[in-house]
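Quick look at protein-v6.txt (compact mmCIF, C-alpha atoms):
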```txt
# COMPACT_ATOMS: atom_id res chain seq x y z
CA MET A 112 56.96 19.40 87.46
CA THR A 113 55.86 16.78 89.92
CA ASP A 114 54.59 13.32 89.20
CA PHE A 115 51.10 14.47 90.06
CA ASP A 116 51.05 16.79 86.98
CA SER A 117 51.61 13.98 84.44
CA ASN A 118 48.78 12.00 82.80
CA PRO A 119 49.06 8.37 83.80
CA PHE A 120 46.82 7.31 80.83
CA ALA A 121 48.90 9.04 78.12
CA ASP A 122 51.27 7.04 75.91
CA PRO A 123 54.92 7.53 76.63
CA GLU A 124 56.71 9.87 74.29
CA VAL A 125 58.62 7.37 72.13
CA ASN A 126 60.02 8.11 68.63
CA PRO A 127 59.09 5.17 66.34
CA PHE A 128 62.01 5.90 64.03
CA GLN A 129 64.42 5.26 66.86
CA ASP A 130 63.47 1.62 66.86
CA PRO A 131 66.60 -0.55 66.36
CA SER A 132 65.08 -2.51 63.46
CA VAL A 133 64.28 0.73 61.56
CA THR A 134 67.65 2.33 62.13
CA GLN A 135 69.41 -0.82 60.98
CA VAL A 136 67.54 -0.84 57.65
CA THR A 137 68.16 2.85 57.01
CA ARG A 138 71.87 2.43 57.56
CA ASN A 139 72.05 -0.45 55.04
CA VAL A 140 70.36 1.49 52.17
CA PRO A 141 72.63 1.60 49.05
CA PRO A 142 73.95 5.01 48.19
CA GLY A 143 72.10 6.85 45.47
CA LEU A 144 68.64 5.53 46.32
CA GLU A 145 67.76 8.77 48.08
CA GLU A 146 68.10 10.64 44.76
CA TYR A 147 65.58 8.36 42.95
CA ASN A 148 62.49 10.21 41.72
CA PRO A 149 59.78 7.95 40.21
CA PHE A 150 58.06 10.92 38.47
CA THR A 151 60.96 11.73 36.16
CA ASP A 152 61.58 10.15 32.75
CA ALA A 153 65.30 9.79 33.31
CA LYS A 154 66.54 6.50 34.61
CA PRO A 155 68.20 6.60 38.05
CA ALA A 156 71.92 6.30 38.19
CA PRO A 157 73.26 3.03 39.41
CA PRO A 158 74.22 2.90 43.03
CA GLY A 159 77.43 4.65 43.77
CA MET A 160 77.49 6.74 40.60
CA ALA A 161 76.37 10.35 40.30
CA PRO A 162 74.47 11.61 37.23
CA LYS A 163 76.60 13.26 34.62
CA GLY A 164 75.85 16.18 32.37
CA ALA A 165 73.03 18.66 32.36
CA ALA A 166 69.34 17.98 32.63
CA PRO A 167 67.73 16.41 29.53
CA THR A 168 66.06 18.77 27.11
CA THR A 169 62.37 18.33 26.21
CA ASN A 170 61.32 17.68 22.59
CA THR A 171 58.75 20.23 21.41
CA GLN A 172 57.84 18.43 18.15
CA PRO A 173 54.57 16.45 18.13
CA ALA A 174 54.80 12.72 18.20
CA ILE A 175 53.97 11.03 14.92
CA MET A 176 53.09 7.37 14.85
CA LYS A 177 53.77 5.63 11.59
CA PRO A 178 51.04 3.18 10.64
CA THR A 179 52.20 -0.35 10.26
CA GLU A 180 49.15 -1.35 8.14
CA GLU A 181 47.20 0.38 5.41
CA PRO A 182 43.76 1.62 6.50
CA PRO A 183 40.82 -0.48 5.25
CA PRO A 184 38.96 0.81 2.21
CA TYR A 185 35.99 3.09 2.93
CA SER A 186 32.63 1.35 2.73
CA GLN A 187 29.20 2.87 3.20
CA ALA A 188 27.07 1.66 6.07
CA PRO A 189 24.02 -0.50 5.17
CA GLN A 190 21.67 2.23 6.39
CA THR A 191 23.34 4.79 4.10
CA GLN A 192 23.08 2.42 1.15
CA TRP A 193 19.39 1.81 1.87
CA ALA A 194 18.71 5.56 2.07
CA ALA A 195 20.49 6.11 -1.25
CA ALA A 196 18.50 3.31 -2.89
CA GLU A 197 15.23 4.70 -1.53
CA LEU A 198 16.10 8.18 -2.80
CA LEU A 199 16.94 6.76 -6.22
CA ARG A 200 13.67 4.82 -6.33
CA ARG A 201 11.65 7.93 -5.47
CA GLN A 202 13.47 9.93 -8.10
CA GLU A 203 12.71 7.29 -10.74
CA GLU A 204 9.07 7.24 -9.66
CA LEU A 205 8.82 11.02 -9.94
CA GLU A 206 10.42 10.96 -13.37
CA ARG A 207 8.01 8.24 -14.49
CA LYS A 208 5.02 10.24 -13.23
CA ALA A 209 6.29 13.38 -14.95
CA ALA A 210 6.71 11.50 -18.23
CA GLU A 211 3.22 10.05 -17.88
CA LEU A 212 1.73 13.49 -17.22
CA ASP A 213 3.48 14.85 -20.29
CA ARG A 214 2.12 11.99 -22.38
CA ARG A 215 -1.40 12.55 -21.06
CA GLU A 216 -1.14 16.25 -21.83
CA ARG A 217 -0.02 15.52 -25.39
CA GLU A 218 -2.88 13.04 -25.82
CA MET A 219 -5.40 15.59 -24.56
CA GLN A 220 -4.02 18.18 -26.96
CA SER A 221 -4.21 15.74 -29.85
CA LEU A 222 -7.76 14.79 -28.89
CA SER A 223 -8.75 18.45 -28.75
CA ALA A 224 -7.18 19.06 -32.16
CA SER A 225 -9.00 16.06 -33.68
CA GLY A 226 -12.39 17.22 -32.46
CA GLY A 227 -12.76 15.52 -29.08
CA ARG A 228 -12.62 12.02 -27.69
CA LYS A 229 -14.23 9.15 -29.54
CA ASN A 230 -15.73 6.07 -27.94
CA ASN A 231 -13.37 3.12 -28.06
CA TRP A 232 -15.03 0.47 -25.87
CA PRO A 233 -15.99 -2.22 -26.56
CA PRO A 234 -13.38 -2.56 -29.32
CA LEU A 235 -15.52 -3.57 -32.26
CA PRO A 236 -14.58 -3.80 -35.94
CA GLU A 237 -15.23 -0.72 -38.05
CA LYS A 238 -17.65 -2.59 -40.29
CA PHE A 239 -19.67 -3.83 -37.33
CA PRO A 240 -23.22 -2.42 -37.38
CA VAL A 241 -22.96 -1.27 -33.75
CA GLY A 242 -20.17 1.05 -32.69
CA PRO A 243 -18.37 1.46 -29.36
CA CYS A 244 -20.46 2.84 -26.51
CA PHE A 245 -17.89 4.23 -24.05
CA TYR A 246 -14.55 5.95 -23.95
CA HIS A 247 -12.20 3.88 -21.83
CA ASP A 248 -8.57 4.84 -21.25
CA ILE A 249 -7.27 4.42 -17.72
CA THR A 250 -3.92 6.09 -18.38
CA VAL A 251 -5.63 9.25 -19.64
CA ASP A 252 -8.68 9.59 -17.37
CA ILE A 253 -7.55 8.19 -14.03
CA PRO A 254 -4.97 9.91 -11.76
CA VAL A 255 -1.67 8.09 -11.40
CA GLU A 256 -2.18 7.04 -7.77
CA PHE A 257 -5.49 5.30 -8.61
CA GLN A 258 -4.62 3.67 -11.94
CA LYS A 259 -3.45 0.39 -10.40
CA THR A 260 -6.68 -0.06 -8.45
CA VAL A 261 -8.86 0.71 -11.47
CA LYS A 262 -6.88 -1.73 -13.62
CA ILE A 263 -7.33 -4.47 -11.01
CA MET A 264 -11.07 -3.82 -10.94
CA TYR A 265 -11.18 -3.98 -14.74
CA TYR A 266 -9.34 -7.32 -14.70
CA LEU A 267 -11.71 -8.49 -11.97
CA TRP A 268 -14.66 -7.65 -14.21
CA MET A 269 -13.04 -9.66 -17.02
CA PHE A 270 -12.51 -12.54 -14.59
CA HIS A 271 -16.18 -12.31 -13.62
CA THR A 272 -17.18 -12.54 -17.29
CA GLY A 273 -14.91 -15.56 -17.79
CA ALA A 274 -16.41 -17.27 -14.74
CA LEU A 275 -19.93 -16.75 -16.11
CA LEU A 276 -18.86 -18.23 -19.45
CA ALA A 277 -17.27 -21.21 -17.71
CA ASN A 278 -20.46 -21.64 -15.68
CA LEU A 279 -22.47 -21.69 -18.92
CA LEU A 280 -20.25 -24.42 -20.38
CA ALA A 281 -20.37 -26.45 -17.15
CA CYS A 282 -24.17 -26.30 -17.04
CA LEU A 283 -24.27 -27.29 -20.69
CA ALA A 284 -22.12 -30.32 -19.94
CA TRP A 285 -24.37 -31.16 -16.99
CA PHE A 286 -27.42 -30.86 -19.21
CA CYS A 287 -25.82 -33.25 -21.73
CA VAL A 288 -25.43 -36.03 -19.14
CA ASP A 289 -28.65 -35.24 -17.30
CA THR A 290 -31.52 -33.95 -19.43
CA GLY A 291 -33.39 -32.85 -16.34
CA ARG A 292 -30.98 -29.94 -15.87
CA GLY A 293 -32.38 -27.79 -18.67
CA VAL A 294 -33.45 -25.09 -16.19
CA ASP A 295 -29.90 -24.71 -14.91
CA PHE A 296 -28.54 -24.40 -18.44
CA GLY A 297 -31.16 -21.82 -19.40
CA LEU A 298 -30.55 -19.73 -16.28
CA ALA A 299 -26.78 -19.94 -16.78
CA MET A 300 -27.23 -18.53 -20.28
CA LEU A 301 -29.49 -15.79 -18.93
CA TRP A 302 -27.01 -14.87 -16.19
CA PHE A 303 -24.21 -14.61 -18.75
CA ILE A 304 -26.26 -12.38 -21.04
CA ILE A 305 -27.52 -10.09 -18.26
CA PHE A 306 -24.65 -9.92 -15.75
CA THR A 307 -21.86 -9.32 -18.27
CA PRO A 308 -23.02 -5.89 -19.54
CA CYS A 309 -24.88 -4.92 -16.36
CA SER A 310 -21.83 -5.47 -14.16
CA PHE A 311 -19.76 -3.24 -16.45
CA VAL A 312 -22.36 -0.48 -16.52
CA CYS A 313 -23.65 -0.70 -12.95
CA TRP A 314 -20.49 -1.00 -10.87
CA TYR A 315 -17.35 -0.71 -13.01
CA ARG A 316 -18.32 2.48 -14.87
CA PRO A 317 -19.39 4.25 -11.64
CA LEU A 318 -16.05 3.30 -10.09
CA TYR A 319 -14.22 4.53 -13.21
CA GLY A 320 -16.10 7.83 -13.11
CA ALA A 321 -15.66 8.22 -9.35
CA PHE A 322 -11.87 8.04 -9.59
CA ARG A 323 -11.83 10.16 -12.74
CA SER A 324 -13.84 13.10 -11.35
CA ASP A 325 -13.64 12.42 -7.58
CA SER A 326 -17.40 11.99 -7.39
CA SER A 327 -18.92 10.99 -4.07
CA PHE A 328 -22.24 10.12 -5.70
CA ARG A 329 -20.59 7.65 -8.07
CA PHE A 330 -18.76 6.06 -5.15
CA PHE A 331 -22.05 5.44 -3.38
CA ILE A 332 -23.53 3.88 -6.52
CA PHE A 333 -20.53 1.58 -6.78
CA PHE A 334 -20.71 0.52 -3.12
CA PHE A 335 -24.43 -0.26 -3.29
CA VAL A 336 -24.26 -2.26 -6.52
CA TYR A 337 -21.00 -4.02 -5.72
CA ILE A 338 -22.17 -5.30 -2.35
CA CYS A 339 -25.15 -6.81 -4.17
CA GLN A 340 -22.75 -8.30 -6.72
CA PHE A 341 -20.76 -9.85 -3.87
CA GLY A 342 -23.94 -11.50 -2.58
CA VAL A 343 -24.56 -12.95 -6.05
CA HIS A 344 -21.00 -14.33 -6.10
CA VAL A 345 -21.59 -16.06 -2.76
CA LEU A 346 -24.82 -17.65 -4.02
CA GLN A 347 -23.11 -18.78 -7.21
CA ALA A 348 -20.28 -20.31 -5.19
CA ILE A 349 -22.80 -22.21 -3.05
CA GLY A 350 -24.50 -23.48 -6.22
CA ILE A 351 -28.08 -24.24 -5.24
CA ALA A 352 -29.55 -26.70 -7.71
CA GLY A 353 -32.05 -25.14 -10.11
CA TRP A 354 -30.50 -21.64 -9.89
CA GLY A 355 -28.24 -21.93 -12.91
CA ALA A 356 -24.97 -21.83 -10.97
CA SER A 357 -22.34 -24.53 -10.98
CA GLY A 358 -21.40 -24.11 -7.34
CA TRP A 359 -20.28 -26.63 -4.76
CA ILE A 360 -23.70 -28.22 -4.15
CA SER A 361 -24.41 -28.59 -7.87
CA ALA A 362 -20.86 -29.86 -8.47
CA LEU A 363 -21.24 -32.62 -5.89
CA THR A 364 -24.60 -33.55 -7.42
CA GLY A 365 -23.10 -33.64 -10.91
CA LEU A 366 -20.18 -35.72 -9.64
CA ASN A 367 -22.62 -38.52 -8.81
CA THR A 368 -23.90 -38.46 -12.39
CA SER A 369 -20.60 -38.11 -14.29
CA ILE A 370 -17.10 -37.79 -12.85
CA PRO A 371 -15.65 -35.66 -15.72
CA VAL A 372 -18.63 -33.29 -15.61
CA GLY A 373 -18.38 -33.14 -11.82
CA ILE A 374 -14.71 -32.19 -12.03
CA ILE A 375 -15.53 -29.38 -14.47
CA MET A 376 -18.25 -28.10 -12.15
CA ILE A 377 -15.87 -28.24 -9.17
CA LEU A 378 -13.42 -26.05 -11.07
CA VAL A 379 -16.20 -23.55 -11.82
CA ALA A 380 -17.22 -23.59 -8.14
CA ALA A 381 -13.61 -22.79 -7.23
CA LEU A 382 -13.70 -19.87 -9.70
CA PHE A 383 -16.83 -18.46 -8.07
CA THR A 384 -15.26 -18.86 -4.61
CA ALA A 385 -12.09 -17.05 -5.66
CA LEU A 386 -14.21 -14.35 -7.32
CA ALA A 387 -16.18 -13.78 -4.11
CA ALA A 388 -12.98 -13.58 -2.03
CA MET A 389 -11.28 -11.12 -4.42
CA SER A 390 -14.44 -9.03 -4.61
CA LEU A 391 -14.50 -8.65 -0.84
CA ILE A 392 -10.80 -7.71 -0.74
CA MET A 393 -11.18 -5.09 -3.47
CA PHE A 394 -14.31 -3.71 -1.85
CA LYS A 395 -12.35 -3.05 1.35
CA LYS A 396 -9.47 -1.54 -0.62
CA VAL A 397 -11.70 0.82 -2.60
CA HIS A 398 -13.53 1.82 0.57
CA GLY A 399 -10.21 2.67 2.23
CA MET A 400 -9.19 4.81 -0.76
CA TYR A 401 -12.62 6.45 -0.76
CA ARG A 402 -12.07 7.59 2.83
CA THR A 403 -8.77 9.22 1.88
CA THR A 404 -10.26 11.24 -1.00
CA GLY A 405 -12.43 13.39 1.26
CA ALA A 406 -15.73 12.14 -0.19
CA SER A 407 -18.81 12.09 2.04
CA PHE A 408 -22.55 11.50 1.98
CA GLU A 409 -23.22 15.26 2.07
CA LYS A 410 -21.14 15.74 -1.07
CA ALA A 411 -23.02 12.90 -2.72
CA GLN A 412 -26.33 14.62 -1.97
CA GLN A 413 -25.05 17.91 -3.36
CA GLU A 414 -23.76 16.23 -6.50
CA PHE A 415 -27.07 14.44 -6.99
CA ALA A 416 -29.07 17.63 -6.59
CA THR A 417 -26.74 19.56 -8.89
CA GLY A 418 -26.75 16.81 -11.49
CA VAL A 419 -30.52 16.45 -11.47
CA MET A 420 -31.13 20.18 -11.80
CA ALA A 421 -28.52 20.49 -14.55
CA ASN A 422 -30.07 17.68 -16.58
CA LYS A 423 -31.84 19.07 -19.65
CA THR A 424 -34.51 16.36 -19.56
CA VAL A 425 -35.32 17.17 -15.94
CA GLN A 426 -35.35 20.89 -16.72
CA THR A 427 -37.74 20.36 -19.64
CA ALA A 428 -40.04 18.14 -17.59
CA THR A 429 -40.04 20.63 -14.71
CA ALA A 430 -40.82 23.50 -17.06
CA ASN A 431 -43.71 21.56 -18.63
CA VAL A 432 -45.16 20.70 -15.23
CA ALA A 433 -44.90 24.31 -14.09
CA ALA A 434 -46.50 25.57 -17.32
CA ASN A 435 -49.40 23.10 -17.05
CA ALA A 436 -49.97 24.07 -13.42
CA ALA A 437 -49.98 27.75 -14.35
CA ARG A 438 -52.49 27.16 -17.16
CA GLY A 439 -54.77 25.19 -14.84
CA ALA A 440 -54.66 27.90 -12.19
CA PHE A 441 -55.37 30.59 -14.82
CA LYS A 442 -58.36 28.67 -16.19
CA GLU A 443 -59.80 28.26 -12.71
CA GLN A 444 -59.57 31.98 -12.13
CA ILE A 445 -61.41 32.66 -15.39
```
Rewrite the coordinates I just gave you, this time as structure tokens.
Amino acid sequence: MTDFDSNPFADPEVNPFQDPSVTQVTRNVPPGLEEYNPFTDAKPAPPGMAPKGAAPTTNTQPAIMKPTEEPPPYSQAPQTQWAAAELLRRQEELERKAAELDRREREMQSLSASGGRKNNWPPLPEKFPVGPCFYHDITVDIPVEFQKTVKIMYYLWMFHTGALLANLLACLAWFCVDTGRGVDFGLAMLWFIIFTPCSFVCWYRPLYGAFRSDSSFRFFIFFFVYICQFGVHVLQAIGIAGWGASGWISALTGLNTSIPVGIIMILVAALFTALAAMSLIMFKKVHGMYRTTGASFEKAQQEFATGVMANKTVQTATANVAANAARGAFKEQI
């Protein structure tokens, strides 16, 4: 081969391992290092000594690690404890409802055996000339899920009666220090006499019957009357002079006349204010429960029509009107 056949740009063929520095290091390597294998478990023999014996045998038994400390005691997670408590609470609630249903069933059986239910409200003495007018037993008549609401409304009616009585006493005290307040005292007495029974009959009894028989018509009666009752509470809390209400305006007026009487009237005004606030809250609550019962205005119309046509008085009056009309038409033909 001539010089013209060689590539002048190619690197010369030089073996890098033939470098003097590399060959010097390889000659000074201690004996035995060539046999070292880093991937084996056995330790390499020291330089100059060959391994003795056969290859090590492998252990086929599983490795068992002995615990140095006892494991901590098992404890339930907070979420598991909460779920168990919730399950226990629901179970107790179901058992309580079942016991209450059994008691109601026994009471109904006893009432049927004794000849029916007897009126027990208002609770009057046996020797009183007037007997009870209504049968009132929330635990028997009202379903379990509505009993709490009906009881609150009953207590609210009692609170309303107490506020009217306190208003009567406050107006009486005002009349004692200012003889020109006889109109307020007279109207306060009238409001106590009229509103106490009318509130029970006009809005509490419809509510009681609505929850007892799931009546849409009774719900509408309650809503109409109770919103009017709320307006009366607001007017009584304002306390316009001459209206028989010891509200804020009347209390401030009475405070100028007598400080003790003014303080009593301020307390009554606070009672009327609290009564108006609680009435609004319970109105919203009852309306929310009414929407969950499936009642509607169409059902109320159907119940009204059915109730009117099933009334014996209405049936008798309708029959009399029809008979008189038939007689008049027959006489005209003759």
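Residue nearest A:Lys262, chosen from A:Tyr319, A:Phe394, A:Trp359, A:Phe383 and counting all atoms listed in the file: A:Tyr319.
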Query raised in the report: Could you state the separation of atom CA of A:Thr403 and atom CA of A:Trp193 in Å, given to one decimal place?
Result: 29.1 Å
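You will find atom CA of A:Thr260 at 26.6 Å from atom CA of A:Asn278.
Picture a line from atom CA of A:Ile304 to atom CA of A:Trp268; it runs 14.3 Å.
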Requested in this report: For A:Val379, please output as JSON, numbers by chain all residues within 8 Å (counting only C-alpha atoms; exclusion window: fewer than 5 positions along the same chain).
Outcome: {"A": [274, 277, 278, 281, 357, 358]}
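Distance check against A:Met376 using only C-alpha atoms: of A:Gln347, A:Ser326, A:Asn230, A:Thr404, the minimum falls on A:Gln347.
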**Report entry** Near-A:Lys208 list (12 Å; only C-alpha atoms; drop same-chain fewer than 3 positions) as a ChimeraX atom specification
**Finding:** /A:201-205,211-215,250,254-256,258
**Report entry** Of the listed residues A:Leu318, A:Val345, A:Ala381, A:Leu283, that which approaches A:Phe330 most closely, counting only C-alpha atoms
**Finding:** A:Leu318
Residues within 6 Å of A:Phe333, all atoms listed in the file, excluding chain neighbours under 4 positions, as an mmCIF file with C-alpha atoms, in the coordinates of the input:
```cif
data_model
loop_
_atom_site.group_PDB
_atom_site.id
_atom_site.type_symbol
_atom_site.label_atom_id
_atom_site.label_comp_id
_atom_site.auth_asym_id
_atom_site.auth_seq_id
_atom_site.Cartn_x
_atom_site.Cartn_y
_atom_site.Cartn_z
ATOM 1 C CA TRP A 314 -20.490 -1.000 -10.870
ATOM 2 C CA PRO A 317 -19.390 4.250 -11.640
ATOM 3 C CA LEU A 318 -16.050 3.300 -10.090
ATOM 4 C CA TYR A 337 -21.000 -4.020 -5.720
#
```
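Distance annotation: of A:Gly355, A:Gly365, A:Gly342, A:Gly320, the residue with the minimal separation from A:Val261 is A:Gly320; atom set is only C-alpha atoms.
Nearest to A:Val312 of all the residues A:Phe245, A:Ser361, A:Arg207, A:Ile349 is A:Phe245, based on all atoms listed in the file.
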Report task. Skip A:Phe311 itself and residues of its chain fewer than 5 positions away, then list as a PyMOL selection string all residues within 12 Å of it, counting all atoms listed in the file. Result -> chain A and resi 232-233+244-245+247+264-272+305-306+316-319+333+336-337+340
So that I can see what lies close to A:Leu301, please list as an mmCIF file with C-alpha atoms, keeping the file's coordinate frame the residues with an atom at most 12 Å from it, counting all atoms listed in the file and leaving out residues fewer than 2 positions away in the same chain.
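And here's result-v5.cif as it stands now:
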```cif
data_model
loop_
_atom_site.group_PDB
_atom_site.id
_atom_site.type_symbol
_atom_site.label_atom_id
_atom_site.label_comp_id
_atom_site.auth_asym_id
_atom_site.auth_seq_id
_atom_site.Cartn_x
_atom_site.Cartn_y
_atom_site.Cartn_z
ATOM 1 C CA LEU A 275 -19.930 -16.750 -16.110
ATOM 2 C CA LEU A 276 -18.860 -18.230 -19.450
ATOM 3 C CA ASN A 278 -20.460 -21.640 -15.680
ATOM 4 C CA LEU A 279 -22.470 -21.690 -18.920
ATOM 5 C CA CYS A 282 -24.170 -26.300 -17.040
ATOM 6 C CA VAL A 294 -33.450 -25.090 -16.190
ATOM 7 C CA ASP A 295 -29.900 -24.710 -14.910
ATOM 8 C CA PHE A 296 -28.540 -24.400 -18.440
ATOM 9 C CA GLY A 297 -31.160 -21.820 -19.400
ATOM 10 C CA LEU A 298 -30.550 -19.730 -16.280
ATOM 11 C CA ALA A 299 -26.780 -19.940 -16.780
ATOM 12 C CA PHE A 303 -24.210 -14.610 -18.750
ATOM 13 C CA ILE A 304 -26.260 -12.380 -21.040
ATOM 14 C CA ILE A 305 -27.520 -10.090 -18.260
ATOM 15 C CA PHE A 306 -24.650 -9.920 -15.750
ATOM 16 C CA THR A 307 -21.860 -9.320 -18.270
ATOM 17 C CA PRO A 308 -23.020 -5.890 -19.540
ATOM 18 C CA TRP A 354 -30.500 -21.640 -9.890
ATOM 19 C CA GLY A 355 -28.240 -21.930 -12.910
ATOM 20 C CA ALA A 356 -24.970 -21.830 -10.970
#
```
